[in-house]
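What's in input_11.cif: mmCIF, C-alpha atoms
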```cif
data_structure
loop_
_atom_site.label_atom_id
_atom_site.label_comp_id
_atom_site.auth_asym_id
_atom_site.auth_seq_id
_atom_site.Cartn_x
_atom_site.Cartn_y
_atom_site.Cartn_z
CA MET B 2 -38.07 -31.74 4.45
CA LYS B 3 -38.24 -28.07 5.48
CA LYS B 4 -36.35 -28.83 8.71
CA LEU B 5 -33.67 -30.67 6.74
CA LEU B 6 -33.28 -27.74 4.31
CA GLY B 7 -33.19 -25.31 7.25
CA MET B 8 -30.43 -27.30 8.99
CA PHE B 9 -28.50 -27.49 5.71
CA ALA B 10 -28.75 -23.69 5.29
CA VAL B 11 -27.51 -23.12 8.86
CA MET B 12 -24.60 -25.55 8.34
CA MET B 13 -23.62 -23.78 5.09
CA ALA B 14 -23.71 -20.40 6.83
CA PHE B 15 -21.38 -21.64 9.57
CA ALA B 16 -19.12 -23.34 7.01
CA ASN B 17 -18.65 -20.01 5.23
CA VAL B 18 -17.80 -18.26 8.50
CA ALA B 19 -15.24 -20.98 9.23
CA ASN B 20 -13.40 -20.08 6.00
CA ALA B 21 -13.02 -16.43 7.03
CA GLY B 22 -9.74 -15.45 8.64
CA ILE B 23 -6.94 -12.96 9.08
CA LEU B 24 -4.33 -12.01 6.47
CA ILE B 25 -0.95 -10.71 7.60
CA GLU B 26 1.29 -9.78 4.69
CA PRO B 27 4.71 -8.20 5.33
CA TYR B 28 6.45 -6.77 2.25
CA LEU B 29 9.69 -5.18 1.10
CA GLY B 30 9.67 -2.96 -1.97
CA MET B 31 11.57 -0.58 -4.24
CA GLU B 32 9.62 2.50 -5.35
CA SER B 33 10.52 4.81 -8.20
CA GLY B 34 8.55 7.78 -9.46
CA LYS B 35 8.27 11.31 -10.73
CA TYR B 36 7.00 14.31 -8.82
CA THR B 37 5.65 17.67 -9.87
CA SER B 38 5.36 20.73 -7.68
CA GLY B 39 5.12 24.49 -7.93
CA THR B 40 8.85 24.79 -7.27
CA GLY B 41 10.02 22.22 -9.81
CA ASP B 42 9.90 18.63 -10.95
CA GLY B 43 12.09 15.63 -10.26
CA LYS B 44 12.32 11.95 -9.46
CA THR B 45 11.84 9.92 -6.30
CA GLU B 46 13.33 6.65 -5.10
CA PHE B 47 12.29 4.86 -1.92
CA THR B 48 13.09 1.54 -0.26
CA ASN B 49 9.96 0.62 1.67
CA MET B 50 8.89 -2.03 4.11
CA GLY B 51 5.34 -2.50 5.17
CA VAL B 52 2.54 -4.78 6.18
CA ARG B 53 -1.04 -5.37 5.11
CA VAL B 54 -3.35 -6.70 7.84
CA ALA B 55 -6.79 -7.70 6.65
CA TYR B 56 -9.88 -9.71 7.40
CA THR B 57 -10.44 -12.33 4.71
CA LEU B 58 -13.99 -13.07 3.65
CA PRO B 59 -15.12 -16.46 2.35
CA VAL B 60 -15.55 -15.10 -1.20
CA LEU B 61 -11.79 -14.51 -1.82
CA VAL B 62 -12.09 -10.84 -0.78
CA TRP B 63 -10.04 -9.19 1.97
CA ILE B 64 -10.46 -5.80 3.67
CA GLY B 65 -7.95 -4.18 5.99
CA ALA B 66 -5.12 -1.73 6.58
CA ASP B 67 -1.82 -1.11 4.78
CA ALA B 68 1.11 0.55 6.56
CA THR B 69 4.38 1.53 4.88
CA ILE B 70 7.62 2.84 6.37
CA GLY B 71 10.31 4.13 4.06
CA MET B 72 13.66 2.83 5.22
CA SER B 73 15.49 5.18 2.88
CA GLY B 74 14.69 7.43 -0.02
CA LYS B 75 15.82 10.25 -2.27
CA TYR B 76 14.25 13.28 -3.88
CA LYS B 77 16.15 14.08 -7.07
CA PRO B 78 15.15 17.52 -8.39
CA ASP B 79 15.69 18.07 -12.11
CA SER B 80 17.74 21.12 -11.12
CA GLY B 81 20.22 18.87 -9.24
CA GLY B 82 21.11 18.29 -5.59
CA ASP B 83 19.67 15.00 -4.31
CA VAL B 84 17.94 15.14 -0.92
CA ASP B 85 17.36 12.24 1.49
CA ALA B 86 13.71 11.58 2.37
CA LYS B 87 11.58 9.08 4.32
CA ARG B 88 7.97 8.01 3.79
CA THR B 89 5.38 6.93 6.35
CA SER B 90 1.86 6.03 5.26
CA ILE B 91 -1.23 4.26 6.57
CA GLY B 92 -4.28 3.45 4.52
CA ALA B 93 -7.30 1.26 3.97
CA VAL B 94 -7.11 -1.54 1.41
CA VAL B 95 -9.49 -3.97 -0.24
CA GLY B 96 -8.32 -6.88 -2.36
CA VAL B 97 -9.24 -10.11 -4.04
CA ASP B 98 -7.27 -13.35 -4.38
CA LEU B 99 -8.10 -14.79 -7.78
CA PRO B 100 -7.93 -18.56 -8.32
CA ILE B 101 -5.53 -18.10 -11.28
CA LEU B 102 -2.33 -17.30 -9.26
CA LEU B 103 -3.12 -13.57 -9.27
CA ARG B 104 -4.34 -11.13 -6.68
CA ALA B 105 -5.36 -7.50 -6.99
CA TRP B 106 -6.04 -4.67 -4.54
CA ALA B 107 -6.83 -0.98 -4.25
CA GLY B 108 -6.07 1.33 -1.37
CA VAL B 109 -6.62 4.84 -0.16
CA GLY B 110 -4.26 6.72 2.13
CA LEU B 111 -5.59 7.98 5.43
CA SER B 112 -2.20 9.38 6.44
CA ASN B 113 0.75 9.94 4.12
CA GLU B 114 3.89 11.85 5.09
CA ILE B 115 7.25 12.42 3.47
CA LYS B 116 9.97 13.97 5.62
CA VAL B 117 12.74 15.63 3.62
CA ASP B 118 16.15 15.62 5.28
CA SER B 119 16.92 19.33 5.17
CA ALA B 120 18.05 22.07 7.52
CA ASP B 121 14.43 23.28 7.76
CA ASN B 122 12.91 19.85 8.67
CA VAL B 123 10.37 19.93 5.82
CA LYS B 124 7.42 17.50 5.98
CA TYR B 125 4.76 17.02 3.32
CA LYS B 126 1.37 15.57 4.34
CA GLY B 127 -1.51 14.32 2.25
CA GLY B 128 -3.13 11.20 0.91
CA TYR B 129 -2.66 8.58 -1.78
CA THR B 130 -4.43 6.06 -3.94
CA LYS B 131 -2.82 2.81 -4.94
CA PHE B 132 -3.61 -0.09 -7.21
CA GLY B 133 -1.69 -3.34 -7.12
CA ILE B 134 -1.44 -6.72 -8.72
CA GLY B 135 0.47 -9.72 -7.42
CA PHE B 136 1.66 -13.03 -8.87
CA THR B 137 1.34 -15.90 -6.38
CA GLY B 138 2.78 -18.76 -8.45
CA LEU B 139 5.85 -19.16 -6.24
CA PRO B 140 5.72 -21.03 -2.93
CA PHE B 141 4.91 -18.75 0.04
CA VAL B 142 5.68 -15.40 -1.71
CA SER B 143 3.88 -12.93 -3.92
CA LEU B 144 5.64 -10.74 -6.51
CA ASN B 145 3.78 -7.42 -6.64
CA LEU B 146 3.58 -4.30 -8.77
CA GLU B 147 1.78 -1.21 -7.42
CA LEU B 148 0.89 2.14 -8.93
CA ILE B 149 0.91 4.81 -6.22
CA LYS B 150 -0.47 8.33 -6.74
CA ASP B 151 0.48 10.67 -3.90
CA ASP B 152 -1.24 14.02 -3.43
CA PHE B 153 0.37 16.21 -0.77
CA LYS B 154 -1.72 19.23 0.27
CA ASP B 155 0.17 20.58 3.32
CA PHE B 156 3.74 21.18 4.36
CA THR B 157 5.37 22.09 7.64
CA SER B 158 8.90 23.19 8.41
CA ASP B 159 10.87 25.04 11.08
CA LEU B 160 10.13 28.21 9.11
CA GLY B 161 6.34 27.73 9.09
CA SER B 162 3.60 25.81 7.35
CA GLY B 163 1.26 26.19 4.43
CA ASP B 164 -0.39 24.68 1.41
CA ALA B 165 1.61 22.36 -0.82
CA ASP B 166 0.90 21.36 -4.38
CA LEU B 167 3.10 18.28 -4.65
CA LYS B 168 2.05 15.25 -6.67
CA ASN B 169 4.09 12.08 -6.97
CA ASP B 170 3.29 9.21 -9.34
CA SER B 171 5.36 6.11 -8.68
CA TYR B 172 5.62 2.37 -9.20
CA MET B 173 6.66 -0.03 -6.48
CA PHE B 174 7.94 -3.55 -7.07
CA SER B 175 7.69 -5.59 -3.90
CA VAL B 176 8.03 -9.11 -2.56
CA SER B 177 5.55 -10.12 0.11
CA LEU B 178 4.71 -13.08 2.32
CA PRO B 179 0.90 -13.40 2.52
CA LEU B 180 0.06 -15.44 5.63
CA GLU B 181 -3.55 -16.42 6.34
CA PHE B 182 -4.74 -17.60 9.74
#
```

Could you rewrite the structure in this file as structure tokens?
Amino acid sequence: MKKLLGMFAVMMAFANVANAGILIEPYLGMESGKYTSGTGDGKTEFTNMGVRVAYTLPVLVWIGADATIGMSGKYKPDSGGDVDAKRTSIGAVVGVDLPILLRAWAGVGLSNEIKVDSADNVKYKGGYTKFGIGFTGLPFVSLNLELIKDDFKDFTSDLGSGDADLKNDSYMFSVSLPLEF
């Protein structure tokens, strides 16, 4: 009986490993937010594309990386004069696929950069935290809403570099294609 229970335990362990896999999830999103800085406040708008690549565990949990590239964007200071900007970010993400057509995730930015299209080539660098929820009731796609909190600590430009105190809170609506292998 002990041998039978032992074989059953080994088979169950291998069955769980067989359910593990890889998640590749490309997405396209529209981001809108508000920033605050020492030089003034304003709004942001970005069109982003990205991908989440993760290892899926047998217990509906996935752990991986999230990379975003801003295809276009705008900084809109309250004082006027819109400025073009682009975002590039890479972070770690952990998520869960719930059995009720929902999924949720949280991420932390390892690298986050916004390049402002100006004569001085200004770049802001820092990190972010993000929280997201997705609706998976449609075939093949997920409709997602994310809260992104950027915290930029450094800036560089052609004129020099220094400390930045720029915070951006935004929401991104995205459509993704979660593919599991």

- Which of these residues is nearest to Ser177 in chain B, using only C-alpha atoms: B:Phe136, B:Phe156, B:Trp63, B:Trp106?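 Between B:Phe136, B:Phe156, B:Trp63, B:Trp106, the residue approaching Ser177 in chain B most closely is B:Phe136.
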
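The nearest approach to Ala21 in chain B among the residues B:Ile101, B:Ala86, B:Val176, B:Ile64, with all atoms listed in the file taken into account, belongs to B:Ile64.
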
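Between Met173 in chain B and the residues B:Gly128, B:Pro78, B:Gly92, B:Gly34, the shortest atom-to-atom distance, using all atoms listed in the file, involves B:Gly34.
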
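With only C-alpha atoms as the atoms that count, the minimum distance from Lys87 in chain B to the choices B:Leu180, B:Val123, B:Ile134, B:Ala55 is reached by B:Val123.
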
- Just the residues within 7 Å of Phe132 in chain B, please, counting all atoms listed in the file, with nothing from its chain fewer than 6 positions along; format it as a PyMOL selection string. chain B and resi 106-108+147-149

What are the closest atom pairs, with distances in Å to one decimal, for all residues of range 97-158 of chain B lying within 12 Å of range 43-50 of chain B? Consider only C-alpha atoms, order rows by chain and residue number, and present the result as CSV.
```
residue,atom,partner,partner_atom,distance
B:Ile115,CA,B:Phe47,CA,10.6
B:Val117,CA,B:Thr45,CA,11.5
B:Asp151,CA,B:Thr45,CA,11.6
```

Using the selection just defined, write its residues with C-alpha atoms as a PDB file, keeping the file's coordinate frame.
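out-v4.pdb written:
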```pdb
ATOM      1  CA  ILE B 115       7.250  12.420   3.470  1.00  0.00           C
ATOM      2  CA  VAL B 117      12.740  15.630   3.620  1.00  0.00           C
ATOM      3  CA  ASP B 151       0.480  10.670  -3.900  1.00  0.00           C
TER       4      ASP B 151
END
```

- Length of the CA of Phe174 in chain B to CA of Lys116 in chain B vector [Å]: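 That distance, rounded to one decimal, is 21.7 Å.
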
Reconstructed range 112-126 of chain B, atom set N, CA and C atoms, as an mmCIF file, in the coordinates of the input:
```cif
data_model
loop_
_atom_site.group_PDB
_atom_site.id
_atom_site.type_symbol
_atom_site.label_atom_id
_atom_site.label_comp_id
_atom_site.auth_asym_id
_atom_site.auth_seq_id
_atom_site.Cartn_x
_atom_site.Cartn_y
_atom_site.Cartn_z
ATOM 1 N N SER B 112 -3.303 8.545 5.973
ATOM 2 C CA SER B 112 -2.200 9.380 6.440
ATOM 3 C C SER B 112 -0.995 9.079 5.549
ATOM 4 N N ASN B 113 -0.395 10.110 5.002
ATOM 5 C CA ASN B 113 0.750 9.940 4.120
ATOM 6 C C ASN B 113 1.702 11.106 4.372
ATOM 7 N N GLU B 114 2.931 10.803 4.749
ATOM 8 C CA GLU B 114 3.890 11.850 5.090
ATOM 9 C C GLU B 114 5.250 11.525 4.507
ATOM 10 N N ILE B 115 5.863 12.538 3.930
ATOM 11 C CA ILE B 115 7.250 12.420 3.470
ATOM 12 C C ILE B 115 8.046 13.493 4.204
ATOM 13 N N LYS B 116 9.085 13.048 4.886
ATOM 14 C CA LYS B 116 9.970 13.970 5.620
ATOM 15 C C LYS B 116 11.249 14.101 4.811
ATOM 16 N N VAL B 117 11.543 15.335 4.407
ATOM 17 C CA VAL B 117 12.740 15.630 3.620
ATOM 18 C C VAL B 117 13.857 16.000 4.574
ATOM 19 N N ASP B 118 14.999 15.368 4.409
ATOM 20 C CA ASP B 118 16.150 15.620 5.280
ATOM 21 C C ASP B 118 16.818 16.924 4.856
ATOM 22 N N SER B 119 16.383 18.014 5.496
ATOM 23 C CA SER B 119 16.920 19.330 5.170
ATOM 24 C C SER B 119 17.140 20.108 6.465
ATOM 25 N N ALA B 120 17.780 21.237 6.344
ATOM 26 C CA ALA B 120 18.050 22.070 7.520
ATOM 27 C C ALA B 120 16.757 22.616 8.122
ATOM 28 N N ASP B 121 15.699 22.714 7.294
ATOM 29 C CA ASP B 121 14.430 23.280 7.760
ATOM 30 C C ASP B 121 13.434 22.238 8.250
ATOM 31 N N ASN B 122 13.805 20.935 8.247
ATOM 32 C CA ASN B 122 12.910 19.850 8.670
ATOM 33 C C ASN B 122 11.565 19.904 7.947
ATOM 34 N N VAL B 123 11.579 19.833 6.633
ATOM 35 C CA VAL B 123 10.370 19.930 5.820
ATOM 36 C C VAL B 123 9.625 18.594 5.824
ATOM 37 N N LYS B 124 8.294 18.662 6.043
ATOM 38 C CA LYS B 124 7.420 17.500 5.980
ATOM 39 C C LYS B 124 6.241 17.828 5.073
ATOM 40 N N TYR B 125 5.933 16.898 4.171
ATOM 41 C CA TYR B 125 4.760 17.020 3.320
ATOM 42 C C TYR B 125 3.726 16.011 3.792
ATOM 43 N N LYS B 126 2.442 16.447 3.876
ATOM 44 C CA LYS B 126 1.370 15.570 4.340
ATOM 45 C C LYS B 126 0.229 15.595 3.337
#
```
